[in-house]
Amino acid sequence: MEEVILKTGNLTKKYGSQTVVDGLNIEIKRGEIFGLLGPNGAGKSTTMNMLCSITRPTAGTIELFGKNSEKHKKEVIRRIGYIPQELAIHGKLKAWENVELFTSLYGIKGENLRRAVEESLEYVGLSERRNEFAKNFSGGMKRRLNIACAIGHQPELLIFDEPTVGIDPQSRNFILEKIKESNKNGATVIYTSHYMEEVEAICTRIAIMDNGKMIACGTSKELKQMVAGESEDITLEEVFLTLTGKKLRDYAE
Amino acid sequence: MIRYLIKNNFKLMLRNKAILAAMLIGPILVIAMLSSAFEDMMASYESTEEFKTGYRISEDSIFSGNMEEIKRAGKEAGIVFENYPDGDPKAIMEQNDLAGFLVIEGETYTVYESADYETQGKILEYFMGQVEKQVSGQIRNSMFPKEEKEITLPVQKLEFMPAVDSKDYYGIIEVVYFIWCGVVSVAGVLNSEKRNGISQRFQISGMSEMGLYLARWVPAVLTTVCETVVTVLLTVALFGISWGNNPLTILVLLVTTMGAMAVGLLLYSVFQNLAVTIVALFTLVWFMGFFGGSFETYMFSTVSDSLKNLSPIYHVNRVLVEYSCMGKSDYTVSSILYMVAITVVCTALTIFINTIRKRGKA
Ligand SMILES: Nc1ncnc2c1ncn2[C@@H]1O[C@H](COP(=O)(O)OP(=O)(O)O)[C@@H](O)[C@H]1O
Ligand SMILES: [Mg+2]
């Protein structure tokens with residue numbers, strides 16, 4: 001039987017009277033690339049923040065690596081690599097210094113740290129630019145550095161929160177390839193996005209989320225069948241629009 | 001490994017050139033601007049000429065065994081004591097053109113001052129305050145005299161601060177003042193962390209509050225120490241300010257920096273806003289400096305002793321000024337203990353507040 005890496009039970013988050021995440025039940029197995037698809041304001045980032053213990057759920061449970069994430073917080077969060085939607089890097093530190101700082105938070109030091117920094121930079125293709133200040137980087141390079149800062153401790157579970165928003169196609173393609181590569185090397189991946197093609201291209205399973213609720217979950221094939229029956233003659237985008245409605249989303253990112 | 005976090009935060013602070021420059025040039029500029037103004041102010045206290053003071057002492061006075069020593073010390077401080085056993089002090093002062101008159105009875109003394117000799121009156125008052133303090137200190141030190149019947153006070157020697165050069169005084173005090181404001185050097189780190197949402201990375205790595213605190217406090221202390229070393233050297237090179245040769249000066253400056261950074265970080269943890277923190281800090285430092293002799297010299301200020309003693313700046317100012325002009329100070333222990341206590345208390349409070357706050361927010 002495949003190992004369950006993540007399991008949420010009725011995961012709920014309320015801000016005041018607004019229910020941002022509403023009774024979410026997800027189960028992710030080792031080796032998956034799980035896509036969380038949803039329009040802006042659907043509650044994707046809030047969900048990811050709860051998985052990483054940045055935000056405390058209003059109700060519900062999170063089990064990571066078979067352990068209750070609240071009770072075993074210290075142990076569990078170290079096995080996760082979280083790439084936040086908003087860049088979290090120091091502009092006045094050089095690329096390698098950023099990676100060193102954030103990798104060292106996981107207790108890695110000395111020669112191991114030096115190697116981890118080099119490997120992380122190599123992974124995101126920034127080795128050559130290691131000595132440049134992050135503030136001088138382009139949007140795509142910053143995104144890649146943001147990733148490098150979260151993978152040095154070799155996490156088993158990688159959580160990417162919209163890593164491709166607002167960057168050039170080359171960087172975007174590069175990041176998607178790297179995610180597939182990490183997955184081949186054994187990492188389980190959770191990937192949130194509101195770009196259908198990306199999710200369809202790399203994810204083994206997809207959940208569609210809207211207004212805090214999960215409205216569908218399955219492989220891209222299953223989702224298409226669900227909407228269009230056996231014909232499957234439909235794009236994921238049409239599935240998405242059918243399920244979430246065509247009303248404009250004017251939420252702030 | 002917190003050492004890498006400390007190292008990189010230190011880099012961030014050193015790369016904040018504007019603040020670094022302000023902290024280096026600030027005290028030098030202030031000293032340059034104010035030293036001439038202060039010179040006049042201090043000059044009025046630096047009585048180059050001796051002045052005469054009358055005195056009378058009753059035989060039952062606890063000071064009776066020390067009068068010779070008091071006179072000798074007075075001579076050093078520029079006060080010539082003349083004995084007038086009888087008569088009205090005010091009349092005697094007028095007839096003999098005395099700057100003041102000292103009447104010692106039992107355990108108390110009274111200082112009469114002449115309206116024509118205001119400055120000298122202040123000096124006499126300060127002198128007697130010192131005598132009283134030293135005598136009572138020496139009584140306490142020998143609570144159990146070897147010979148039980150000894151009645152006279154076992155005062156061996158009274159020491160008085162020689163006149164301090166105004167340039168030295170204000171030079172030293174400005175440096176202390178700027179150390180207290182040194183926490184602005186953390187601004188680079190705090191700003192960058194806030195603007196870039198760095199704190200979530202600390203949360204997801206399970207960084208402890210203690211670790212986070214040290215990662216700010218240690219580099220803040222390091223940065224301020226570097227700034228202070230440069231400033232001190234500049235005060236010597238540019239203004240010829242004498243810091244004395246007591247190596248404890250370095251220790252006092254270090255614990256002052258440690259305490260000052262802890263106070264600054266505590267304020268930040270309370271206000272969570274850099275601008276508000278800096279306003280609050282500057283206000284606090286201004287008051288502590290006001291009571292502690294940063295504006296008016298503590299020797300002659302009208303602030304009461306108990307208020308002065310409350311101000312950590314007073315202890316630090318005093319110990320450093322005394323090191324400068326006489327190489328030692330009775331305030332060594334109090335200033336160091338005070339700053340260490342501030343460091344410990346503020347650190348504990350900051351960590352406590354941050355822990356509570358995170359619990360509430362998560
Ligand atoms: N700290 C917060 N306080 C109040 N509302 C919040 C907070 N964080 C997010 N929200 C709200 O929750 C909703 C979902 O946000 P988010 O999880 O960022 O969505 P997504 O990542 O899917 O775009 C939005 O309507 C947002 O305004
Ligand atoms: Mg989001």
# chains A, B, ... in the order shown; residues from 1 in each chain; ligands from 1

$ interface_residues --of "chain A" --to "chain B" --cutoff "9 Å" --atoms "only C-alpha atoms" --output "VMD selection string"
chain A and resid 52 to 57 73 to 75 77 to 78 80 to 82 84 86 to 93 97 to 98 100 to 102 104 to 109 150

$ write_last_selection --atoms "C-alpha atoms" --output "PDB file, in the first residue's frame"
ATOM      1  CA  CYS A  52       3.093  24.450   7.160  1.00  0.00           C
ATOM      2  CA  SER A  53       1.867  25.530  10.614  1.00  0.00           C
ATOM      3  CA  ILE A  54       2.154  29.208   9.704  1.00  0.00           C
ATOM      4  CA  THR A  55      -1.587  29.637  10.215  1.00  0.00           C
ATOM      5  CA  ARG A  56      -3.577  27.721  12.797  1.00  0.00           C
ATOM      6  CA  PRO A  57      -6.766  26.070  11.531  1.00  0.00           C
ATOM      7  CA  LYS A  73       4.971  20.250  14.762  1.00  0.00           C
ATOM      8  CA  LYS A  74       8.748  20.485  15.253  1.00  0.00           C
ATOM      9  CA  GLU A  75       9.451  17.152  13.653  1.00  0.00           C
ATOM     10  CA  ILE A  77       7.738  20.972   9.546  1.00  0.00           C
ATOM     11  CA  ARG A  78      11.382  20.075   9.018  1.00  0.00           C
ATOM     12  CA  ILE A  80       8.563  20.143   4.379  1.00  0.00           C
ATOM     13  CA  GLY A  81       9.984  22.603   1.894  1.00  0.00           C
ATOM     14  CA  TYR A  82       7.608  25.510   1.481  1.00  0.00           C
ATOM     15  CA  PRO A  84       5.752  30.885  -0.421  1.00  0.00           C
ATOM     16  CA  GLU A  86       5.186  36.054  -1.927  1.00  0.00           C
ATOM     17  CA  LEU A  87       8.962  36.229  -2.368  1.00  0.00           C
ATOM     18  CA  ALA A  88      10.698  35.804   0.967  1.00  0.00           C
ATOM     19  CA  ILE A  89      14.307  36.787   0.352  1.00  0.00           C
ATOM     20  CA  HIS A  90      16.563  39.583   1.574  1.00  0.00           C
ATOM     21  CA  GLY A  91      17.289  42.040  -1.245  1.00  0.00           C
ATOM     22  CA  LYS A  92      20.523  43.194   0.347  1.00  0.00           C
ATOM     23  CA  LEU A  93      21.937  39.713   0.662  1.00  0.00           C
ATOM     24  CA  GLU A  97      23.882  34.335   1.360  1.00  0.00           C
ATOM     25  CA  ASN A  98      20.108  34.092   1.150  1.00  0.00           C
ATOM     26  CA  GLU A 100      22.834  29.934   3.333  1.00  0.00           C
ATOM     27  CA  LEU A 101      20.709  31.864   5.810  1.00  0.00           C
ATOM     28  CA  PHE A 102      17.492  29.971   5.183  1.00  0.00           C
ATOM     29  CA  SER A 104      21.002  27.019   8.095  1.00  0.00           C
ATOM     30  CA  LEU A 105      17.693  27.446   9.922  1.00  0.00           C
ATOM     31  CA  TYR A 106      17.302  23.684   9.589  1.00  0.00           C
ATOM     32  CA  GLY A 107      20.413  22.999  11.625  1.00  0.00           C
ATOM     33  CA  ILE A 108      22.683  22.356   8.656  1.00  0.00           C
ATOM     34  CA  LYS A 109      26.201  23.693   9.098  1.00  0.00           C
ATOM     35  CA  ALA A 150      13.453  26.277   0.628  1.00  0.00           C
TER      36      ALA A 150
END

$ residues_around --residues "segment 16-24 of chain A" --least-positions-apart "2" --cutoff "6 Å" --atoms "only C-alpha atoms" --output "JSON list (two decimals) with N, CA and C atoms, in the first residue's frame"
[["chain", "number", "residue", "atom", "x", "y", "z"],
["A", 10, "ASN", "N", -11.57, 17.68, 7.44],
["A", 10, "ASN", "CA", -12.46, 18.83, 7.60],
["A", 10, "ASN", "C", -11.72, 20.12, 7.93],
["A", 11, "LEU", "N", -10.62, 20.32, 7.28],
["A", 11, "LEU", "CA", -9.78, 21.48, 7.56],
["A", 11, "LEU", "C", -10.54, 22.77, 7.24],
["A", 12, "THR", "N", -10.59, 23.65, 8.25],
["A", 12, "THR", "CA", -11.40, 24.87, 8.12],
["A", 12, "THR", "C", -10.66, 26.07, 8.67],
["A", 13, "LYS", "N", -10.75, 27.19, 7.96],
["A", 13, "LYS", "CA", -10.19, 28.44, 8.48],
["A", 13, "LYS", "C", -11.20, 29.56, 8.31],
["A", 14, "LYS", "N", -11.48, 30.24, 9.40],
["A", 14, "LYS", "CA", -12.38, 31.41, 9.33],
["A", 14, "LYS", "C", -11.62, 32.66, 9.73],
["A", 43, "GLY", "N", -8.63, 30.33, -1.51],
["A", 43, "GLY", "CA", -8.19, 29.82, -0.21],
["A", 43, "GLY", "C", -6.99, 28.89, -0.34],
["A", 212, "GLY", "N", -13.18, 28.35, -0.88],
["A", 212, "GLY", "CA", -12.79, 27.59, 0.30],
["A", 212, "GLY", "C", -13.19, 26.13, 0.27],
["A", 213, "LYS", "N", -13.96, 25.73, -0.74],
["A", 213, "LYS", "CA", -14.42, 24.33, -0.79],
["A", 213, "LYS", "C", -13.74, 23.59, -1.94]]

$ residues_near_ligand --ligand "ligand 1" --cutoff "9 Å" --atoms "only C-alpha atoms and all ligand atoms" --output "ChimeraX atom specification"
/A:13-16,18-21,37-49,55,85,161-162,192-194,209-212,251-253

$ atom_distance --atom1 "atom CA of Ser269 of chain B" --atom2 "atom CA of Thr343 of chain B"
14.7 Å

$ atom_distance --atom1 "atom CA of Val186 of chain B" --atom2 "atom CA of Ala220 of chain B"
5.9 Å

$ select_by_dssp --residues "segment 163-311 of chain B" --states "helix (DSSP H, G or I)" --output "number ranges by chain"
B: 166-180, 182-195, 199-204, 209-239, 248-271, 274-292, 305-310

$ residues_around --residues "segment 226-240 of chain B" --least-positions-apart "6" --cutoff "12 Å" --atoms "only C-alpha atoms" --output "ChimeraX atom specification"
/B:10,13-14,19-33,35-36,165-183,185,219-220,249-250,253-254,256-257

$ residues_around --residues "segment 50-52 of chain B" --least-positions-apart "4" --cutoff "9 Å" --atoms "only C-alpha atoms" --output "ChimeraX atom specification"
/B:75,77-82,97-101,120

$ residues_around --residues "Ala187 of chain A" --least-positions-apart "3" --cutoff "7 Å" --atoms "only C-alpha atoms" --output "list in words"
Gly31, Glu156, Leu157, Leu158, Ser182 and Asn183 of chain A

$ atom_distance --atom1 "atom CA of Leu113 of chain A" --atom2 "atom CA of Ser127 of chain A"
15.2 Å

$ closest_residue --among "A:Ile83, A:Leu236, A:Ala116, A:Ala207" --to "ligand 2" --atoms "only C-alpha atoms and all ligand atoms"
A:Ile83

$ select_by_dssp --residues "segment 22-84 of chain A" --states "strand (DSSP E)" --output "list in words"
Asp22, Gly23, Leu24, Glu27, Ile28, Lys29, Ile33, Phe34, Gly35, Leu36, Leu37, Ala59, Gly60, Thr61, Ile62, Glu63, Leu64, Lys67, Asn68, Ile80, Gly81, Tyr82 and Ile83 of chain A
